[in-house]
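Student: I have a structure I would like to understand better, so I am pasting it below and will then ask my questions one at a time.
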Amino acid sequence: MLFVGSSAGAAPRALGLFIVPPPPAVLVVGLPEAQARVFLFAHGAAVGLGVFPDSRDATAFLDEVGFAAPRGLTGTPGPLGGAPGKLLKALNAGGVFVVQRVAPTARGTPGTHLANAFRTRQRVSNQRQRIEVVVLARAAEAEEYYAERPGTTIVVGVGAHTPLLIGVLGASGLLDHGVAERPGVVTPYDLAATIAKAAGVKPVPGGRALQVRPDPHPLQTLDALRARFLRDRGFGPGLTGVTSGLAIFGAVFGVLFAILKRNRLAAAFARAAAMVPAGYVGALFVPSSRWYVRSTVLVAAFVTGLVWPASSSKRFCGAVVLTTAVAIGVLTVVASRHPGGEPALSLWGDPLNSWRFFGIRNHLAAFLAGGFVLGSALLEAPLWLMVPGAAAAGIVVGAPTLGAQFIGVLTLAFGGALLLLGAIQKGARIWHIPVAIVVASGAAAGALFADAGRLYSHGGTAVESIRAGGWNTAWQFFRVRAHLNYNEIASLGPKGWITFVLVALALAWLFVWGFRSSSLSPVLRAGVAGVAAAGMAALVVEDSGFLTAGIYLLYPALGFATGYADRALLGARLGGSPPAQEPPRDAGDDHEGNDHAHERE
């Protein structure tokens, strides 16, 4: 029997009764991970880690490759519409036929799901290329297939759990420019887009065809990246619990002691609580998988604030929270310039369990927004500094290549607008609320449309959905996010609902206090009202609003506690305040200029 080969893409040659097909345009090889590593090491390749945050089940990743696109990003009813067989249909429509083979020795292994992703009835009206998908058990078997020298060879190393080992033979380096925008990180949709592009077919929207970032030792770099992701994937809940506990403890006792006129204790606990966000940011950079090891930084920060001999707790807290906000903003900018190293590895979400591959996570966005608004108010920053500061904070939080947080922009702009209007008007007014809502809505819309066209991102998907479905889709978008927030609360049982109610009531009380009180400086009261308003907005519009609002609550509590403590301890009469011995609960007796506030109470 004689076989005559042909170049990729050429028509098959006939010899007697035998039709000899050309080599495949793309060869996709599924191997056990260890065998894939052997094969990739023997050939020059660009490599990456296959991740699917919904599940660490490797078969789920392989199934999603066939879906070609997300069925809807978390919390977003998007237009991408990934479905079983979608990649195969796109390939067939482009004149590409897919051949699947599973070696007898590989049957029953997780890698068979790679072949299953293409196993359905195919309809190709004008075949011009073919893709061969083979699932094998040994690297030596892959060498036999690779001897055909196809146009592109893609290797998928499959273990029991993600991350998978993904390789594209050719230039040595890391796979990059995928959805995650992080070198070495590959989503199923990126792999689908890369297969389609290699076959000459336009990729299905949802993934991005991978490119190569040069690296002389890609497998070693990838091993370090894998170890880092595995190390960091589990400390989050424990560290969050310690952060919340210390912040709540400090803020509650700061407010309580201020009401009881135990001003030194109120000031001390407020200083301790103000140090918690800085301690959390520092804990992110501790090289440990154990939450309690990282928490030592938090405890140290809390104790430092508790014993710090500050002459003015108001200025101390303002400087600390504002500096923390600025630090988060600077780290975000630096991370965007170095996505493969620090501070991105510590600051961004872990791709094994978070779809927020880059940008500011919700709690850090709340630290930045709350720190900027309240820090500016506590320090009574001049308007010429607050206005550009608010604009810079909004850009960092909302820019698609920086913070990528359009909802974070909404809450930041809401609180910031109330602060600026209160500073201009020498106090918060009821009419400031609708103005701030308009400003916040405009800022969020601007952040959304800045992300338009990037269908794989939260913002881009939302824009495309609204364009396709109109206002009804926009309403559904917020409804879905509210439902996710509901599920977050319900998952905690009765304690979740109790905490939700307490947080909502505390934010509402501090918000009303910022409008009704006239005993402290107008800028401070506007700042308290602004951050409380941002927290209440987060309760409604954030998909993790229950948690984000709890973070926001820290800041107005600090403003309340330090304002009264400093007034009593320093004997200052800020903004026409009543005598220092007057208890805080009487601070709202003078309502001049705020008569309409009674109608809201």
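Here's how to read the names in the structure tokens: chain A, B, ... by the order shown, residue numbers from 1 in each chain, ligand numbers from 1 in the order shown.
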Name the residues of stretch 154-350 of chain A that come out as helix (DSSP H, G or I) in a backbone DSSP run; write them as an MDAnalysis selection string.
Tutor: chainID A and resid 188:198 218:232 236:259 263:274 276:283 291:307 313:337 344:347
Student: What's the 8 Å shell around A:Ala93, counting only C-alpha atoms, without same-chain residues fewer than 5 positions away, as a list of chain:residue names?
Tutor: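 Skipping anything fewer than 5 positions along the chain leaves A:Arg123, A:Val124, A:Ser125.
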Student: Hey, which of A:Lys89, A:Arg315, A:Arg107, A:Lys197 ends up closest to A:Arg121? Count only C-alpha atoms.
Tutor: A:Lys89
Student: Against stretch 360-366 of chain A, which residues of stretch 209-253 of chain A fall within 12 Å? For each one I want the closest pair of atoms and the distance in Å (one decimal), counting only C-alpha atoms, rows by chain and increasing residue number, as CSV.
Tutor:
```
residue,atom,partner,partner_atom,distance
A:Gly236,CA,A:His363,CA,11.7
A:Thr240,CA,A:His363,CA,9.6
A:Thr243,CA,A:His363,CA,10.9
A:Ser244,CA,A:His363,CA,10.9
```
Student: Which residues of stretch 120-220 of chain A come within 10 Å of stretch 327-340 of chain A, and for each one, what is the closest pair of atoms and their distance in Å to one decimal, counting only C-alpha atoms, sorted by chain and residue number, as a tab-separated table?
Tutor:
```
residue	atom	partner	partner_atom	distance
A:Asp176	CA	A:Gly340	CA	9.9
A:Ala180	CA	A:Pro339	CA	9.8
A:Glu181	CA	A:Pro339	CA	7.5
A:Arg182	CA	A:Pro339	CA	5.5
A:Pro183	CA	A:Gly340	CA	5.7
A:Gly184	CA	A:Gly340	CA	8.1
A:Val185	CA	A:Gly340	CA	9.6
```
Student: For A:Val503, find every residue with an atom within 12 Å (counting only C-alpha atoms), except residues of its own chain fewer than 6 positions away, and show them as a ChimeraX atom specification.
Tutor: /A:248,252,496-497,509-510,532,535-536,538-539,545-554,556-557
Student: As a ChimeraX atom specification, please: the residues near A:Asn116 (cut-off 12 Å, only C-alpha atoms, same-chain neighbours under 2 positions excluded).
Tutor: /A:30,59-60,62-67,84-85,88,98-102,107-114,118-121,133-135
